[in-house]
file model.cif (mmCIF, C-alpha atoms and all ligand atoms)
data_my_file
loop_
_atom_site.group_PDB
_atom_site.id
_atom_site.type_symbol
_atom_site.label_atom_id
_atom_site.label_comp_id
_atom_site.auth_asym_id
_atom_site.auth_seq_id
_atom_site.Cartn_x
_atom_site.Cartn_y
_atom_site.Cartn_z
ATOM 1 C CA MET A 1 3.639 320.676 149.265
ATOM 2 C CA GLU A 2 1.994 322.999 146.798
ATOM 3 C CA LEU A 3 4.054 323.600 143.674
ATOM 4 C CA LYS A 4 3.950 327.340 144.274
ATOM 5 C CA GLN A 5 5.311 326.869 147.787
ATOM 6 C CA ALA A 6 8.116 324.641 146.504
ATOM 7 C CA ILE A 7 9.042 327.214 143.854
ATOM 8 C CA GLU A 8 8.975 330.069 146.351
ATOM 9 C CA SER A 9 10.909 328.287 149.082
ATOM 10 C CA ARG A 10 13.591 326.672 146.907
ATOM 11 C CA THR A 11 17.018 328.035 147.559
ATOM 12 C CA SER A 12 20.490 326.661 146.909
ATOM 13 C CA VAL A 13 21.538 324.663 149.964
ATOM 14 C CA ARG A 14 25.251 323.878 150.151
ATOM 15 C CA VAL A 15 25.712 322.749 153.763
ATOM 16 C CA TYR A 16 23.986 319.549 154.838
ATOM 17 C CA LYS A 17 23.355 317.398 157.857
ATOM 18 C CA GLN A 18 25.238 314.143 157.530
ATOM 19 C CA ASP A 19 22.097 311.950 157.672
ATOM 20 C CA PRO A 20 22.091 309.654 154.658
ATOM 21 C CA VAL A 21 19.417 310.252 152.036
ATOM 22 C CA PRO A 22 17.479 307.019 151.437
ATOM 23 C CA LEU A 23 18.102 305.592 147.977
ATOM 24 C CA ALA A 24 14.341 305.353 147.418
ATOM 25 C CA ASP A 25 14.066 309.143 147.827
ATOM 26 C CA LEU A 26 16.932 309.783 145.412
ATOM 27 C CA LYS A 27 15.405 307.456 142.836
ATOM 28 C CA GLU A 28 12.058 309.180 143.227
ATOM 29 C CA MET A 29 13.683 312.591 142.639
ATOM 30 C CA ALA A 30 15.333 311.229 139.477
ATOM 31 C CA ARG A 31 12.011 309.778 138.316
ATOM 32 C CA LEU A 32 10.259 313.102 138.799
ATOM 33 C CA ALA A 33 13.127 314.906 137.053
ATOM 34 C CA SER A 34 12.770 312.558 134.088
ATOM 35 C CA LEU A 35 9.184 313.723 133.526
ATOM 36 C CA ALA A 36 10.442 317.117 132.337
ATOM 37 C CA PRO A 37 9.815 318.141 128.749
ATOM 38 C CA SER A 38 12.600 317.168 126.360
ATOM 39 C CA VAL A 39 13.392 318.065 122.773
ATOM 40 C CA ALA A 40 11.673 315.711 120.316
ATOM 41 C CA SER A 41 10.331 313.929 123.411
ATOM 42 C CA SER A 42 13.686 312.174 123.475
ATOM 43 C CA GLN A 43 13.848 311.660 127.257
ATOM 44 C CA PRO A 44 17.617 311.540 126.821
ATOM 45 C CA TRP A 45 18.463 311.392 130.535
ATOM 46 C CA LYS A 46 20.794 309.329 132.570
ATOM 47 C CA PHE A 47 21.044 309.910 136.324
ATOM 48 C CA VAL A 48 24.004 308.636 138.275
ATOM 49 C CA ILE A 49 23.365 308.635 142.010
ATOM 50 C CA VAL A 50 26.548 308.809 144.068
ATOM 51 C CA THR A 51 26.565 308.431 147.835
ATOM 52 C CA ARG A 52 30.058 306.911 148.193
ATOM 53 C CA LYS A 53 31.969 309.448 150.279
ATOM 54 C CA GLU A 54 35.450 308.529 149.062
ATOM 55 C CA LEU A 55 34.382 308.846 145.439
ATOM 56 C CA LEU A 56 32.841 312.279 146.061
ATOM 57 C CA GLN A 57 36.071 313.376 147.722
ATOM 58 C CA ASP A 58 38.204 312.054 144.844
ATOM 59 C CA MET A 59 35.978 313.866 142.366
ATOM 60 C CA ALA A 60 36.247 317.131 144.304
ATOM 61 C CA ARG A 61 40.028 316.711 144.378
ATOM 62 C CA LYS A 62 40.136 316.507 140.578
ATOM 63 C CA VAL A 63 38.036 319.676 140.316
ATOM 64 C CA LEU A 64 40.323 321.487 142.740
ATOM 65 C CA MET A 65 43.473 320.353 140.922
ATOM 66 C CA HIS A 66 42.077 321.822 137.720
ATOM 67 C CA LEU A 67 41.123 325.134 139.334
ATOM 68 C CA GLU A 68 44.555 325.436 140.928
ATOM 69 C CA LYS A 69 46.144 325.296 137.488
ATOM 70 C CA ILE A 70 44.223 328.335 136.187
ATOM 71 C CA PRO A 71 46.428 331.429 136.560
ATOM 72 C CA PRO A 72 44.895 334.271 138.611
ATOM 73 C CA ASN A 73 44.551 337.649 136.923
ATOM 74 C CA GLU A 74 46.027 340.902 138.277
ATOM 75 C CA SER A 75 42.890 342.071 140.089
ATOM 76 C CA ARG A 76 42.822 342.611 143.854
ATOM 77 C CA ALA A 77 39.745 340.416 143.979
ATOM 78 C CA ALA A 78 41.502 337.446 142.401
ATOM 79 C CA ARG A 79 42.329 335.580 145.609
ATOM 80 C CA ASN A 80 38.817 335.916 147.024
ATOM 81 C CA VAL A 81 37.195 335.004 143.748
ATOM 82 C CA ILE A 82 39.287 331.890 143.406
ATOM 83 C CA SER A 83 38.638 330.641 146.927
ATOM 84 C CA GLN A 84 34.910 331.284 146.522
ATOM 85 C CA VAL A 85 34.826 329.370 143.250
ATOM 86 C CA GLU A 86 36.843 326.541 144.775
ATOM 87 C CA TRP A 87 34.172 326.210 147.454
ATOM 88 C CA PHE A 88 31.283 326.466 144.976
ATOM 89 C CA ALA A 89 32.890 323.803 142.814
ATOM 90 C CA THR A 90 33.813 321.285 145.517
ATOM 91 C CA PHE A 91 31.321 321.490 148.414
ATOM 92 C CA PHE A 92 29.482 318.542 146.886
ATOM 93 C CA GLN A 93 32.089 316.314 148.529
ATOM 94 C CA ASN A 94 30.350 316.926 151.875
ATOM 95 C CA ALA A 95 26.854 316.217 150.559
ATOM 96 C CA PRO A 96 25.234 312.935 151.600
ATOM 97 C CA ALA A 97 24.220 312.430 147.974
ATOM 98 C CA LEU A 98 24.937 313.678 144.510
ATOM 99 C CA ILE A 99 22.935 313.116 141.359
ATOM 100 C CA ALA A 100 24.920 313.542 138.154
ATOM 101 C CA VAL A 101 22.625 314.468 135.282
ATOM 102 C CA ALA A 102 23.757 313.310 131.861
ATOM 103 C CA MET A 103 22.067 313.018 128.498
ATOM 104 C CA GLU A 104 22.535 311.353 125.170
ATOM 105 C CA GLU A 105 22.212 313.015 121.753
ATOM 106 C CA TYR A 106 18.653 313.439 120.491
ATOM 107 C CA GLU A 107 17.675 313.116 116.852
ATOM 108 C CA SER A 108 15.631 316.074 115.660
ATOM 109 C CA VAL A 109 12.735 315.570 113.274
ATOM 110 C CA LEU A 110 14.338 318.054 110.871
ATOM 111 C CA GLU A 111 17.617 316.182 110.430
ATOM 112 C CA LYS A 112 15.732 313.197 109.039
ATOM 113 C CA GLY A 113 14.596 315.329 106.087
ATOM 114 C CA VAL A 114 17.196 317.987 105.308
ATOM 115 C CA VAL A 115 20.863 318.337 104.427
ATOM 116 C CA MET A 116 22.026 319.958 107.633
ATOM 117 C CA ASP A 117 23.932 318.135 110.317
ATOM 118 C CA HIS A 118 22.748 317.595 113.847
ATOM 119 C CA ASP A 119 25.150 320.057 115.459
ATOM 120 C CA GLU A 120 24.159 322.879 113.124
ATOM 121 C CA ILE A 121 20.438 322.250 113.715
ATOM 122 C CA ASN A 122 21.064 322.161 117.440
ATOM 123 C CA ARG A 123 22.986 325.449 117.271
ATOM 124 C CA GLN A 124 20.304 327.158 115.181
ATOM 125 C CA ARG A 125 17.611 325.955 117.596
ATOM 126 C CA ASN A 126 19.496 327.455 120.546
ATOM 127 C CA TYR A 127 20.731 324.191 122.018
ATOM 128 C CA PRO A 128 17.453 322.450 122.862
ATOM 129 C CA ASP A 129 19.495 319.606 124.343
ATOM 130 C CA ILE A 130 20.858 321.916 127.026
ATOM 131 C CA GLN A 131 17.444 323.571 127.422
ATOM 132 C CA SER A 132 15.933 320.137 128.074
ATOM 133 C CA ALA A 133 18.581 319.441 130.689
ATOM 134 C CA GLY A 134 17.669 322.707 132.440
ATOM 135 C CA ALA A 135 14.031 321.649 132.676
ATOM 136 C CA CYS A 136 15.058 318.276 134.047
ATOM 137 C CA ILE A 137 17.378 319.730 136.655
ATOM 138 C CA GLN A 138 14.767 322.223 137.835
ATOM 139 C CA ASN A 139 12.308 319.340 138.272
ATOM 140 C CA LEU A 140 14.964 317.587 140.322
ATOM 141 C CA LEU A 141 15.526 320.619 142.560
ATOM 142 C CA LEU A 142 11.807 321.164 143.134
ATOM 143 C CA SER A 143 11.275 317.465 143.867
ATOM 144 C CA ALA A 144 14.036 317.676 146.474
ATOM 145 C CA VAL A 145 12.301 320.663 148.112
ATOM 146 C CA ASP A 146 8.974 318.845 148.000
ATOM 147 C CA MET A 147 10.578 315.933 149.871
ATOM 148 C CA ASN A 148 12.068 318.317 152.467
ATOM 149 C CA TYR A 149 15.635 318.158 151.235
ATOM 150 C CA GLY A 150 18.006 320.933 150.332
ATOM 151 C CA ALA A 151 19.765 320.823 147.008
ATOM 152 C CA CYS A 152 22.115 322.804 144.819
ATOM 153 C CA TRP A 153 22.753 322.744 141.078
ATOM 154 C CA LEU A 154 26.453 322.674 140.178
ATOM 155 C CA SER A 155 28.008 323.393 136.826
ATOM 156 C CA ALA A 156 31.456 324.490 138.058
ATOM 157 C CA PRO A 157 32.753 320.899 138.402
ATOM 158 C CA MET A 158 31.945 320.382 134.710
ATOM 159 C CA MET A 159 35.288 322.014 133.925
ATOM 160 C CA VAL A 160 36.641 318.486 134.348
ATOM 161 C CA LYS A 161 33.598 316.665 133.003
ATOM 162 C CA ASP A 162 35.612 314.133 131.000
ATOM 163 C CA THR A 163 37.509 313.026 134.091
ATOM 164 C CA LEU A 164 34.358 313.008 136.231
ATOM 165 C CA SER A 165 32.439 311.024 133.614
ATOM 166 C CA LYS A 166 35.056 308.295 133.787
ATOM 167 C CA MET A 167 35.049 308.333 137.572
ATOM 168 C CA ILE A 168 31.298 307.686 137.689
ATOM 169 C CA GLY A 169 31.472 305.104 134.910
ATOM 170 C CA LEU A 170 29.311 307.055 132.478
ATOM 171 C CA GLU A 171 28.976 305.342 129.092
ATOM 172 C CA ASP A 172 30.459 307.282 126.164
ATOM 173 C CA LYS A 173 27.069 307.950 124.579
ATOM 174 C CA TYR A 174 26.088 310.222 127.483
ATOM 175 C CA LYS A 175 27.434 313.692 128.089
ATOM 176 C CA LEU A 176 27.600 314.958 131.606
ATOM 177 C CA ILE A 177 25.572 318.156 132.068
ATOM 178 C CA ALA A 178 25.559 319.069 135.757
ATOM 179 C CA PHE A 179 25.521 317.809 139.326
ATOM 180 C CA VAL A 180 22.821 318.245 141.935
ATOM 181 C CA ALA A 181 24.024 317.897 145.540
ATOM 182 C CA ILE A 182 21.333 316.801 147.994
ATOM 183 C CA GLY A 183 20.881 316.436 151.739
ATOM 184 C CA LYS A 184 18.940 317.660 154.728
ATOM 185 C CA PRO A 185 19.786 321.358 155.111
ATOM 186 C CA GLU A 186 22.192 322.250 157.911
ATOM 187 C CA ASN A 187 21.785 325.910 157.165
ATOM 188 C CA VAL A 188 19.641 327.632 154.603
ATOM 189 C CA PRO A 189 21.181 330.768 153.120
ATOM 190 C CA ALA A 190 19.110 333.926 152.894
ATOM 191 C CA LYS A 191 17.652 334.367 149.474
ATOM 192 C CA LYS A 192 18.691 337.306 147.340
ATOM 193 C CA PRO A 193 15.692 339.654 146.988
ATOM 194 C CA PRO A 194 13.907 338.845 143.745
ATOM 195 C CA ARG A 195 13.865 341.382 140.949
ATOM 196 C CA SER A 196 10.560 343.085 140.466
ATOM 197 C CA PRO A 197 8.334 341.477 137.836
ATOM 198 C CA GLU A 198 7.836 344.893 136.207
ATOM 199 C CA ASP A 199 11.566 344.943 135.374
ATOM 200 C CA MET A 200 11.460 341.552 133.739
ATOM 201 C CA ILE A 201 8.138 341.304 131.977
ATOM 202 C CA LYS A 202 7.288 342.961 128.702
ATOM 203 C CA VAL A 203 3.714 342.565 127.503
ATOM 204 C CA ILE A 204 2.663 342.838 123.881
ATOM 205 C CA GLU A 205 -1.142 342.894 123.621
HETATM 206 C C1 LIG B 1 23.153 326.601 135.509
HETATM 207 C C2 LIG B 1 23.498 326.785 136.967
HETATM 208 C C3 LIG B 1 24.751 326.443 137.415
HETATM 209 C C4 LIG B 1 25.080 326.590 138.765
HETATM 210 N N1 LIG B 1 26.316 326.167 139.207
HETATM 211 C C5 LIG B 1 26.634 326.298 140.501
HETATM 212 C C6 LIG B 1 27.881 325.812 140.968
HETATM 213 O O1 LIG B 1 28.704 325.279 140.245
HETATM 214 N N2 LIG B 1 28.132 325.911 142.290
HETATM 215 C C7 LIG B 1 27.250 326.481 143.154
HETATM 216 O O2 LIG B 1 27.552 326.542 144.341
HETATM 217 N N3 LIG B 1 26.042 326.962 142.740
HETATM 218 C C8 LIG B 1 25.718 326.856 141.434
HETATM 219 N N4 LIG B 1 24.485 327.277 141.005
HETATM 220 C C9 LIG B 1 23.529 327.829 141.959
HETATM 221 C C10 LIG B 1 23.426 329.356 141.810
HETATM 222 O O3 LIG B 1 24.573 329.957 142.342
HETATM 223 C C11 LIG B 1 22.163 329.816 142.567
HETATM 224 O O4 LIG B 1 21.035 329.243 141.937
HETATM 225 C C12 LIG B 1 22.037 331.328 142.557
HETATM 226 O O5 LIG B 1 23.046 331.906 143.334
HETATM 227 C C13 LIG B 1 20.682 331.789 143.093
HETATM 228 O O6 LIG B 1 20.460 331.322 144.388
HETATM 229 P P1 LIG B 1 19.218 330.403 144.764
HETATM 230 O O7 LIG B 1 19.364 329.107 143.998
HETATM 231 O O8 LIG B 1 19.338 330.187 146.241
HETATM 232 O O9 LIG B 1 17.964 331.115 144.377
HETATM 233 C C14 LIG B 1 24.132 327.130 139.670
HETATM 234 C C15 LIG B 1 22.858 327.471 139.209
HETATM 235 C C16 LIG B 1 22.539 327.293 137.875
HETATM 236 C C17 LIG B 1 21.135 327.636 137.408
#

call {"tool": "encode", "arguments": {"input": "model.cif", "output": "structure tokens"}}
result
Amino acid sequence: MELKQAIESRTSVRVYKQDPVPLADLKEMARLASLAPSVASSQPWKFVIVTRKELLQDMARKVLMHLEKIPPNESRAARNVISQVEWFATFFQNAPALIAVAMEEYESVLEKGVVMDHDEINRQRNYPDIQSAGACIQNLLLSAVDMNYGACWLSAPMMVKDTLSKMIGLEDKYKLIAFVAIGKPENVPAKKPPRSPEDMIKVIE
């Protein structure tokens, strides 16, 4: 598939056929994701591939338990909002596969030569660690499209990232960034119309 076609056809798929995704395909998606640019060329990634149904369900249960503890506000929309978020945060339990994307701390070139700690440099640089993770996850999504899978990026479950990290046996040196749920699409949602480029692009010549 042409890159342009993959970019244009990618959409968040949240309902999947139950066909298993071959491990070789999942590993290939992770490999392609790992080729993304990363701050200080640190390649800080760790990918945890989960296909064990019971584990996915246990993880979703933990996410749900957390959401249920958050008090609703007074708005009329509260009930709808909460049930929508519960779905967005837990549908991964029905995906044939999930890739958890985690990363370890990078060491910036600057911190080797100045009196400023890593966290402050990272903050001043606008969190290049998280920016790197975004590039990696986008590579993962586009690789899934290229291999005729549907996928969806999830950050909502990260509200219980410490619990989830333990459940997937992530070593302490890695921090969990996001999940990507993957499977053959059962239905593909209509895409929101894109904003016009004129609205978004400013040119300084
Ligand atoms: C950083 C990030 C976090 C996201 N987290 C979630 C999530 O937790 N659950 C979910 O269902 N979708 C999540 N999405 C998917 C967005 O809702 C989706 O990309 C957006 O609605 C646009 O739709 P499209 O991907 O089909 O173009 C996330 C996307 C991004 C970029």

call {"tool": "residues_near_ligand", "arguments": {"input": "model.cif", "ligand": "ligand LIG 1 (chain B)", "cutoff": "10 Å", "atoms": "only C-alpha atoms and all ligand atoms", "output": "VMD selection string"}}
result
chain A and resid 7 to 14 84 to 92 130 133 to 134 137 to 138 141 151 to 159 177 to 181 188 to 194

call {"tool": "resolve_selection", "arguments": {"input": "model.cif", "expression": "the PyMOL selection byres (((chain A and resi 49-60) around 9) and not hetatm)", "output": "MDAnalysis selection string"}}
result
chainID A and resid 20:21 23 26:27 30 47:48 61:65 89:101 157 163:164 167:168

call {"tool": "write_last_selection", "arguments": {"input": "model.cif", "atoms": "C-alpha atoms", "output": "mmCIF file, in the frame of the given file"}}
result
data_model
loop_
_atom_site.group_PDB
_atom_site.id
_atom_site.type_symbol
_atom_site.label_atom_id
_atom_site.label_comp_id
_atom_site.auth_asym_id
_atom_site.auth_seq_id
_atom_site.Cartn_x
_atom_site.Cartn_y
_atom_site.Cartn_z
ATOM 1 C CA PRO A 20 22.091 309.654 154.658
ATOM 2 C CA VAL A 21 19.417 310.252 152.036
ATOM 3 C CA LEU A 23 18.102 305.592 147.977
ATOM 4 C CA LEU A 26 16.932 309.783 145.412
ATOM 5 C CA LYS A 27 15.405 307.456 142.836
ATOM 6 C CA ALA A 30 15.333 311.229 139.477
ATOM 7 C CA PHE A 47 21.044 309.910 136.324
ATOM 8 C CA VAL A 48 24.004 308.636 138.275
ATOM 9 C CA ARG A 61 40.028 316.711 144.378
ATOM 10 C CA LYS A 62 40.136 316.507 140.578
ATOM 11 C CA VAL A 63 38.036 319.676 140.316
ATOM 12 C CA LEU A 64 40.323 321.487 142.740
ATOM 13 C CA MET A 65 43.473 320.353 140.922
ATOM 14 C CA ALA A 89 32.890 323.803 142.814
ATOM 15 C CA THR A 90 33.813 321.285 145.517
ATOM 16 C CA PHE A 91 31.321 321.490 148.414
ATOM 17 C CA PHE A 92 29.482 318.542 146.886
ATOM 18 C CA GLN A 93 32.089 316.314 148.529
ATOM 19 C CA ASN A 94 30.350 316.926 151.875
ATOM 20 C CA ALA A 95 26.854 316.217 150.559
ATOM 21 C CA PRO A 96 25.234 312.935 151.600
ATOM 22 C CA ALA A 97 24.220 312.430 147.974
ATOM 23 C CA LEU A 98 24.937 313.678 144.510
ATOM 24 C CA ILE A 99 22.935 313.116 141.359
ATOM 25 C CA ALA A 100 24.920 313.542 138.154
ATOM 26 C CA VAL A 101 22.625 314.468 135.282
ATOM 27 C CA PRO A 157 32.753 320.899 138.402
ATOM 28 C CA THR A 163 37.509 313.026 134.091
ATOM 29 C CA LEU A 164 34.358 313.008 136.231
ATOM 30 C CA MET A 167 35.049 308.333 137.572
ATOM 31 C CA ILE A 168 31.298 307.686 137.689
#

call {"tool": "closest_residue", "arguments": {"input": "model.cif", "among": "A:Gln43, A:Ser38, A:Ile182, A:Tyr106", "to": "A:Leu142", "atoms": "all atoms listed in the file"}}
result
A:Ile182

call {"tool": "closest_residue", "arguments": {"input": "model.cif", "among": "A:Val114, A:Asp119, A:Cys136, A:Asn73", "to": "A:Leu32", "atoms": "all atoms listed in the file"}}
result
A:Cys136

call {"tool": "closest_residue", "arguments": {"input": "model.cif", "among": "A:Tyr16, A:Lys69, A:Val160, A:Ser143", "to": "A:Ala36", "atoms": "all atoms listed in the file"}}
result
A:Ser143
